[in-house]
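K.L.:
One structure, pasted below without further comment.
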Amino acid sequence: MSKISWKGSTLLGPLPPALVTCGTVEQPRILTIAWTGIINTQPPMTYISVRPQRFSYPVIEQTGEFAVNLPTAALARAVDFCGVRSGRDTDKFSACALTAEPASQISAPLLAESPLSLECRVRQKLELGSHHMFLADIVAVSVDPSLLDRSGKLCLEKAGLLAFAHGSYYELGKRLGTFGFTVRKKPPRAAPKRRFGPKQTPEKP
């Protein structure tokens, strides 16, 4: 079946509707950003694309710091509210009962209600058009201890993270596999143990 061709657009999903924090703990700002992702491994880097008209834009531009806070399904209302309301006339932290807490490496605050936060320091700004992209180094990662198992391994699937696709929010669901599962060798099956009935014994050589 042939596909229908449309003009180029931003139709890509799912995306992480991240709650981005900036400013300070004393004067925190927060906004929802869907245009974000990982762009490099070494050094670890991310980006956020922000409209210059956004209330938090000049703060990020001037301080060169922000945090990407991953939202859970429980934060869906806060994610939507912080994306459609402006901090110019609304205290979004108060309206959504959110809490700003100190980061370890940057002056921008983290979102206490988020189970995982990326502390970011801007390396470069690209003025692309409707949005300006802030390329940033991930200088630290803050993780809720409840997501770690006894060995210290991160179990992010426990967080119930939120996703955004074509104007709708979704909670991440059933896991279908893990990275590399298509080429991973399966462990050999153990040989079945021989069982003998109540009156049966193995023959002696």
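We label chains A, B, ... in the order they appear in the structure tokens, count residues from 1 in each chain, and number ligands from 1 in the order shown.
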Any chance you could tabulate, as CSV, the residues of stretch 28-141 of chain A at most 6 Å from stretch 155-176 of chain A with each one's nearest atom pair and distance in Å to one decimal, using only C-alpha atoms, in chain and rising number order?
P.N.:
residue,atom,partner,partner_atom,distance
A:Pro71,CA,A:Leu162,CA,5.8
A:Thr72,CA,A:Leu161,CA,4.2
A:Ala73,CA,A:Leu162,CA,5.0
K.L.:
Could you write those residues out with N, CA and C atoms, as a JSON list (two decimals), in the first residue's frame?
P.N.:
[["chain", "number", "residue", "atom", "x", "y", "z"],
["A", 71, "PRO", "N", 8.78, 13.60, 33.47],
["A", 71, "PRO", "CA", 7.50, 13.54, 34.19],
["A", 71, "PRO", "C", 6.93, 12.13, 34.22],
["A", 72, "THR", "N", 6.18, 11.85, 35.28],
["A", 72, "THR", "CA", 5.45, 10.60, 35.40],
["A", 72, "THR", "C", 3.99, 10.84, 35.01],
["A", 73, "ALA", "N", 3.24, 9.75, 34.93],
["A", 73, "ALA", "CA", 1.81, 9.88, 34.60],
["A", 73, "ALA", "C", 1.09, 10.72, 35.65]]
K.L.:
Can you tell me, as a VMD selection string, which residues in stretch 10-119 of chain A count as strand (DSSP E or B) by DSSP?
P.N.:
chain A and resid 15 18 to 23 28 to 33 36 to 40 45 to 50 65 to 70 72 100 to 101 110 to 111 116 to 119
K.L.:
Hey, can you spit out that residue selection with N, CA and C atoms as a JSON list (two decimals), in the first residue's frame?
P.N.:
[["chain", "number", "residue", "atom", "x", "y", "z"],
["A", 15, "LEU", "N", 7.21, 11.52, 22.16],
["A", 15, "LEU", "CA", 8.24, 12.42, 22.64],
["A", 15, "LEU", "C", 8.13, 12.53, 24.16],
["A", 18, "ALA", "N", 8.98, 16.98, 28.62],
["A", 18, "ALA", "CA", 9.81, 17.27, 29.79],
["A", 18, "ALA", "C", 9.39, 18.56, 30.49],
["A", 19, "LEU", "N", 9.50, 18.55, 31.79],
["A", 19, "LEU", "CA", 9.31, 19.76, 32.58],
["A", 19, "LEU", "C", 10.70, 20.36, 32.80],
["A", 20, "VAL", "N", 10.96, 21.47, 32.16],
["A", 20, "VAL", "CA", 12.26, 22.12, 32.23],
["A", 20, "VAL", "C", 12.23, 23.22, 33.29],
["A", 21, "THR", "N", 13.19, 23.17, 34.19],
["A", 21, "THR", "CA", 13.28, 24.18, 35.24],
["A", 21, "THR", "C", 14.52, 25.04, 35.03],
["A", 22, "CYS", "N", 14.41, 26.30, 35.43],
["A", 22, "CYS", "CA", 15.54, 27.23, 35.32],
["A", 22, "CYS", "C", 15.38, 28.29, 36.40],
["A", 23, "GLY", "N", 16.29, 29.25, 36.42],
["A", 23, "GLY", "CA", 16.26, 30.27, 37.46],
["A", 23, "GLY", "C", 17.01, 29.80, 38.69],
["A", 28, "PRO", "N", 12.18, 30.08, 41.12],
["A", 28, "PRO", "CA", 12.19, 29.04, 40.08],
["A", 28, "PRO", "C", 11.21, 29.35, 38.95],
["A", 29, "ARG", "N", 11.56, 28.86, 37.79],
["A", 29, "ARG", "CA", 10.66, 28.92, 36.64],
["A", 29, "ARG", "C", 10.56, 27.53, 36.04],
["A", 30, "ILE", "N", 9.43, 27.25, 35.43],
["A", 30, "ILE", "CA", 9.20, 25.92, 34.86],
["A", 30, "ILE", "C", 8.37, 26.04, 33.59],
["A", 31, "LEU", "N", 8.69, 25.23, 32.60],
["A", 31, "LEU", "CA", 7.94, 25.19, 31.35],
["A", 31, "LEU", "C", 8.00, 23.79, 30.77],
["A", 32, "THR", "N", 6.99, 23.45, 29.99],
["A", 32, "THR", "CA", 6.95, 22.14, 29.35],
["A", 32, "THR", "C", 7.60, 22.24, 27.98],
["A", 33, "ILE", "N", 8.50, 21.30, 27.70],
["A", 33, "ILE", "CA", 9.23, 21.25, 26.42],
["A", 33, "ILE", "C", 9.11, 19.84, 25.84],
["A", 36, "THR", "N", 12.98, 17.92, 22.72],
["A", 36, "THR", "CA", 14.19, 17.61, 23.47],
["A", 36, "THR", "C", 14.61, 16.18, 23.18],
["A", 37, "GLY", "N", 15.85, 15.87, 23.47],
["A", 37, "GLY", "CA", 16.36, 14.52, 23.24],
["A", 37, "GLY", "C", 17.85, 14.46, 23.50],
["A", 38, "ILE", "N", 18.43, 13.28, 23.28],
["A", 38, "ILE", "CA", 19.86, 13.07, 23.45],
["A", 38, "ILE", "C", 20.54, 13.21, 22.10],
["A", 39, "ILE", "N", 21.65, 13.96, 22.07],
["A", 39, "ILE", "CA", 22.34, 14.16, 20.80],
["A", 39, "ILE", "C", 23.77, 13.66, 20.79],
["A", 40, "ASN", "N", 24.31, 13.26, 21.95],
["A", 40, "ASN", "CA", 25.68, 12.78, 21.99],
["A", 40, "ASN", "C", 25.90, 11.94, 23.24],
["A", 45, "MET", "N", 25.26, 14.82, 25.99],
["A", 45, "MET", "CA", 24.67, 16.10, 25.63],
["A", 45, "MET", "C", 23.20, 15.94, 25.29],
["A", 46, "THR", "N", 22.46, 17.00, 25.53],
["A", 46, "THR", "CA", 21.04, 17.05, 25.19],
["A", 46, "THR", "C", 20.74, 18.40, 24.55],
["A", 47, "TYR", "N", 19.48, 18.64, 24.27],
["A", 47, "TYR", "CA", 19.07, 19.94, 23.72],
["A", 47, "TYR", "C", 17.64, 20.21, 24.13],
["A", 48, "ILE", "N", 17.29, 21.46, 24.14],
["A", 48, "ILE", "CA", 15.88, 21.87, 24.22],
["A", 48, "ILE", "C", 15.68, 22.97, 23.18],
["A", 49, "SER", "N", 14.56, 22.93, 22.49],
["A", 49, "SER", "CA", 14.23, 23.98, 21.54],
["A", 49, "SER", "C", 13.10, 24.81, 22.14],
["A", 50, "VAL", "N", 13.33, 26.13, 22.26],
["A", 50, "VAL", "CA", 12.42, 27.02, 22.97],
["A", 50, "VAL", "C", 12.07, 28.22, 22.08],
["A", 65, "GLU", "N", 21.96, 27.71, 32.12],
["A", 65, "GLU", "CA", 21.71, 26.49, 32.87],
["A", 65, "GLU", "C", 20.21, 26.17, 32.90],
["A", 66, "PHE", "N", 19.91, 24.88, 32.93],
["A", 66, "PHE", "CA", 18.53, 24.42, 33.07],
["A", 66, "PHE", "C", 18.56, 22.95, 33.46],
["A", 67, "ALA", "N", 17.42, 22.43, 33.86],
["A", 67, "ALA", "CA", 17.29, 21.01, 34.18],
["A", 67, "ALA", "C", 16.13, 20.42, 33.41],
["A", 68, "VAL", "N", 16.34, 19.22, 32.88],
["A", 68, "VAL", "CA", 15.29, 18.48, 32.19],
["A", 68, "VAL", "C", 14.76, 17.45, 33.19],
["A", 69, "ASN", "N", 13.52, 17.61, 33.60],
["A", 69, "ASN", "CA", 12.91, 16.73, 34.59],
["A", 69, "ASN", "C", 11.90, 15.82, 33.90],
["A", 70, "LEU", "N", 12.12, 14.51, 33.98],
["A", 70, "LEU", "CA", 11.22, 13.57, 33.32],
["A", 70, "LEU", "C", 9.92, 13.45, 34.12],
["A", 72, "THR", "N", 6.18, 11.85, 35.28],
["A", 72, "THR", "CA", 5.45, 10.60, 35.40],
["A", 72, "THR", "C", 3.99, 10.84, 35.01],
["A", 100, "ALA", "N", 10.49, 23.08, 44.08],
["A", 100, "ALA", "CA", 11.84, 23.27, 43.54],
["A", 100, "ALA", "C", 12.85, 22.84, 44.59],
["A", 101, "GLU", "N", 13.87, 22.10, 44.17],
["A", 101, "GLU", "CA", 14.91, 21.69, 45.10],
["A", 101, "GLU", "C", 16.28, 21.92, 44.47],
["A", 110, "LEU", "N", 15.93, 21.75, 40.55],
["A", 110, "LEU", "CA", 15.33, 20.52, 40.04],
["A", 110, "LEU", "C", 13.88, 20.46, 40.50],
["A", 111, "LEU", "N", 13.12, 19.59, 39.88],
["A", 111, "LEU", "CA", 11.73, 19.39, 40.27],
["A", 111, "LEU", "C", 11.69, 18.18, 41.20],
["A", 116, "LEU", "N", 13.60, 11.58, 37.89],
["A", 116, "LEU", "CA", 14.92, 11.66, 37.26],
["A", 116, "LEU", "C", 15.08, 13.01, 36.59],
["A", 117, "SER", "N", 16.20, 13.67, 36.88],
["A", 117, "SER", "CA", 16.46, 15.01, 36.34],
["A", 117, "SER", "C", 17.86, 15.08, 35.76],
["A", 118, "LEU", "N", 17.97, 15.75, 34.61],
["A", 118, "LEU", "CA", 19.26, 15.98, 33.97],
["A", 118, "LEU", "C", 19.69, 17.42, 34.23],
["A", 119, "GLU", "N", 20.83, 17.59, 34.86],
["A", 119, "GLU", "CA", 21.35, 18.93, 35.11],
["A", 119, "GLU", "C", 22.18, 19.34, 33.89]]
K.L.:
With distances taken over only C-alpha atoms, which residue among A:Ala74, A:Ile106, A:Ala34, A:Ala136 lies nearest A:Gln124?
P.N.:
A:Ala136
K.L.:
If you run DSSP on the backbone here, which positions in stretch 1-201 of chain A get alpha helix (DSSP H)? Please write them as a PDB file with N, CA, C and O atoms, in the first residue's frame.
P.N.:
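And here is the file that came out, out_10.pdb:
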ATOM      1  N   TYR A  57      12.674  31.827  28.481  1.00  0.00           N
ATOM      2  CA  TYR A  57      13.757  31.880  27.488  1.00  0.00           C
ATOM      3  C   TYR A  57      14.914  32.781  27.919  1.00  0.00           C
ATOM      4  O   TYR A  57      16.074  32.346  27.894  1.00  0.00           O
ATOM      5  N   PRO A  58      14.681  34.058  28.314  1.00  0.00           N
ATOM      6  CA  PRO A  58      15.814  34.914  28.673  1.00  0.00           C
ATOM      7  C   PRO A  58      16.590  34.421  29.883  1.00  0.00           C
ATOM      8  O   PRO A  58      17.799  34.660  29.990  1.00  0.00           O
ATOM      9  N   VAL A  59      15.926  33.704  30.799  1.00  0.00           N
ATOM     10  CA  VAL A  59      16.625  33.162  31.966  1.00  0.00           C
ATOM     11  C   VAL A  59      17.620  32.082  31.540  1.00  0.00           C
ATOM     12  O   VAL A  59      18.771  32.067  31.978  1.00  0.00           O
ATOM     13  N   ILE A  60      17.173  31.190  30.670  1.00  0.00           N
ATOM     14  CA  ILE A  60      18.071  30.142  30.169  1.00  0.00           C
ATOM     15  C   ILE A  60      19.203  30.765  29.360  1.00  0.00           C
ATOM     16  O   ILE A  60      20.368  30.361  29.467  1.00  0.00           O
ATOM     17  N   GLU A  61      18.876  31.762  28.560  1.00  0.00           N
ATOM     18  CA  GLU A  61      19.875  32.423  27.729  1.00  0.00           C
ATOM     19  C   GLU A  61      20.928  33.125  28.587  1.00  0.00           C
ATOM     20  O   GLU A  61      22.129  33.048  28.297  1.00  0.00           O
ATOM     21  N   GLN A  62      20.508  33.771  29.661  1.00  0.00           N
ATOM     22  CA  GLN A  62      21.433  34.537  30.493  1.00  0.00           C
ATOM     23  C   GLN A  62      22.237  33.668  31.454  1.00  0.00           C
ATOM     24  O   GLN A  62      23.436  33.877  31.640  1.00  0.00           O
ATOM     25  N   THR A  63      21.582  32.687  32.070  1.00  0.00           N
ATOM     26  CA  THR A  63      22.279  31.851  33.052  1.00  0.00           C
ATOM     27  C   THR A  63      23.035  30.703  32.408  1.00  0.00           C
ATOM     28  O   THR A  63      24.027  30.220  32.957  1.00  0.00           O
ATOM     29  N   ALA A  76       0.829  14.426  34.771  1.00  0.00           N
ATOM     30  CA  ALA A  76       0.238  14.775  33.476  1.00  0.00           C
ATOM     31  C   ALA A  76      -0.448  16.139  33.502  1.00  0.00           C
ATOM     32  O   ALA A  76      -0.305  16.944  32.576  1.00  0.00           O
ATOM     33  N   ARG A  77      -1.213  16.422  34.554  1.00  0.00           N
ATOM     34  CA  ARG A  77      -1.904  17.708  34.626  1.00  0.00           C
ATOM     35  C   ARG A  77      -0.910  18.859  34.735  1.00  0.00           C
ATOM     36  O   ARG A  77      -1.096  19.915  34.117  1.00  0.00           O
ATOM     37  N   ALA A  78       0.149  18.665  35.518  1.00  0.00           N
ATOM     38  CA  ALA A  78       1.170  19.702  35.653  1.00  0.00           C
ATOM     39  C   ALA A  78       1.889  19.925  34.333  1.00  0.00           C
ATOM     40  O   ALA A  78       2.189  21.068  33.959  1.00  0.00           O
ATOM     41  N   VAL A  79       2.159  18.849  33.609  1.00  0.00           N
ATOM     42  CA  VAL A  79       2.822  18.958  32.311  1.00  0.00           C
ATOM     43  C   VAL A  79       1.991  19.795  31.357  1.00  0.00           C
ATOM     44  O   VAL A  79       2.499  20.696  30.683  1.00  0.00           O
ATOM     45  N   ASP A  80       0.712  19.509  31.292  1.00  0.00           N
ATOM     46  CA  ASP A  80      -0.155  20.254  30.379  1.00  0.00           C
ATOM     47  C   ASP A  80      -0.283  21.712  30.825  1.00  0.00           C
ATOM     48  O   ASP A  80      -0.183  22.633  30.000  1.00  0.00           O
ATOM     49  N   PHE A  81      -0.497  21.933  32.109  1.00  0.00           N
ATOM     50  CA  PHE A  81      -0.673  23.287  32.635  1.00  0.00           C
ATOM     51  C   PHE A  81       0.556  24.143  32.375  1.00  0.00           C
ATOM     52  O   PHE A  81       0.452  25.300  31.944  1.00  0.00           O
ATOM     53  N   CYS A  82       1.745  23.572  32.639  1.00  0.00           N
ATOM     54  CA  CYS A  82       2.991  24.333  32.459  1.00  0.00           C
ATOM     55  C   CYS A  82       3.336  24.548  30.994  1.00  0.00           C
ATOM     56  O   CYS A  82       4.243  25.320  30.673  1.00  0.00           O
ATOM     57  N   GLY A  83       2.599  23.874  30.100  1.00  0.00           N
ATOM     58  CA  GLY A  83       2.820  24.070  28.677  1.00  0.00           C
ATOM     59  C   GLY A  83       1.891  25.097  28.067  1.00  0.00           C
ATOM     60  O   GLY A  83       2.206  25.687  27.033  1.00  0.00           O
ATOM     61  N   VAL A  84       0.740  25.308  28.705  1.00  0.00           N
ATOM     62  CA  VAL A  84      -0.244  26.237  28.122  1.00  0.00           C
ATOM     63  C   VAL A  84      -0.388  27.537  28.909  1.00  0.00           C
ATOM     64  O   VAL A  84      -0.976  28.495  28.417  1.00  0.00           O
ATOM     65  N   LYS A  92       3.328  28.956  38.452  1.00  0.00           N
ATOM     66  CA  LYS A  92       3.025  27.583  38.072  1.00  0.00           C
ATOM     67  C   LYS A  92       3.423  26.574  39.146  1.00  0.00           C
ATOM     68  O   LYS A  92       2.776  25.531  39.299  1.00  0.00           O
ATOM     69  N   PHE A  93       4.472  26.856  39.896  1.00  0.00           N
ATOM     70  CA  PHE A  93       4.848  25.962  40.991  1.00  0.00           C
ATOM     71  C   PHE A  93       3.730  25.889  42.026  1.00  0.00           C
ATOM     72  O   PHE A  93       3.356  24.808  42.493  1.00  0.00           O
ATOM     73  N   SER A  94       3.187  27.036  42.377  1.00  0.00           N
ATOM     74  CA  SER A  94       2.116  27.077  43.362  1.00  0.00           C
ATOM     75  C   SER A  94       0.830  26.470  42.810  1.00  0.00           C
ATOM     76  O   SER A  94       0.148  25.692  43.489  1.00  0.00           O
ATOM     77  N   ALA A  95       0.494  26.802  41.576  1.00  0.00           N
ATOM     78  CA  ALA A  95      -0.749  26.327  40.975  1.00  0.00           C
ATOM     79  C   ALA A  95      -0.777  24.806  40.834  1.00  0.00           C
ATOM     80  O   ALA A  95      -1.844  24.194  40.929  1.00  0.00           O
TER      81      ALA A  95
END
K.L.:
Which one of A:Asp149, A:Gly129, A:Gln27, A:Phe134 sits closest to A:Thr99 if you count only C-alpha atoms?
P.N.:
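Among A:Asp149, A:Gly129, A:Gln27, A:Phe134, it is A:Gln27 that comes nearest to A:Thr99.
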K.L.:
Work out how far atom CA of A:Pro14 is from atom CA of A:Pro115, in Å to one decimal.
P.N.:
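Between atom CA of A:Pro115 and atom CA of A:Pro14 the gap is 19.5 Å.
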K.L.:
I'd like the interatomic distance between atom CA of A:Ser130 and atom CA of A:Arg51, to a tenth of an Å.
P.N.:
6.1 Å
